[in-house]
Amino acid sequence: MEPYAALMASFVLCGIVAAVMVCASWILGPKNPTPTKLEIFETGNPPMGSLRGMRFPVKFYLVAIFFVVFDVEVVFLYPWALIFRQLGWAGLVEMAIFMAILGAGLAYVWQVGALEWD
Amino acid sequence: MIAFWIVALFALVGALVVVLHRNPVYSALGLVLTLFQVAVLFALLDAPLLALLQVMVYAGAIVVLFLFVIMLLSLEPEKRLAAPFPVAVAGLVLAATLGFGLVVSGTLPLRSGVPSRLPADFGSPESLATNLFTKHQLPFELTSVLLLVAVVGAVVLARRRS
């Protein structure tokens, strides 16, 4: 458990700092609410109303999916890089096949233009 | 052991937030709490790499994906609906079965093949990597096919109409 003590200490410290900042500004800050101040800040413009029922382009979702998939791909590189030398050529070929299959996916995504925004 | 109970408690709190909170964004954040606690459980089980990846991939990427979906659907806070009676019964039976299975599996003796003392490097990232890239090459390569299907599937589903 030794190595985790430092991590735990870091978590606790982060929590304390965040809590102190929020609490201090809540206690020390003057409170003088006006209707204008309580409005939602939208780059200085008056809010246009609720977002409920608004539809967003599905492209946002596609970008998120691509991120997750290629994130998982990179996850496999971490353990591979750790024992890269012990694995030798076999390991290199193994990873090359893995990357080639995912590279095909990337090429497809690129080809159909899913990486373009419009 | 104390650490386990604390972590388990927080994991359950997070899970309850996921199920019970009426605002789906809070539910997603409750999921982050639970996933973090599961990461700590992995660490307690001598699986540091798995713990790290749990935080990076699940608490990081997957929950972001959930939040995207919540945003895309722009869900309103849920109205409290009573589950229809058969659904409630089915849920209770399922939960009871799972709980019973967990309790029973906890009391069963270990399989004979499992050594009583773990090797010194058990759970280390190096031993995980060695196992993954030598013994389990085929599942590793098949993972890339799975990811490929996910990418292509997402594109096909998103572009079907246009």
# chains A, B, ... in the order shown; residues from 1 in each chain; ligands from 1
>>> interface_residues(of="chain A", to="chain B", cutoff="9 Å", atoms="only C-alpha atoms", output="MDAnalysis selection string")
chainID A and resid 1 4 51:62 64:73 75:76 78:83 86:87 91 94:95 97:106 108:109 112 114
>>> atom_distance(atom1="atom CA of B:Val63", atom2="atom CA of B:Leu35")
9.5 Å
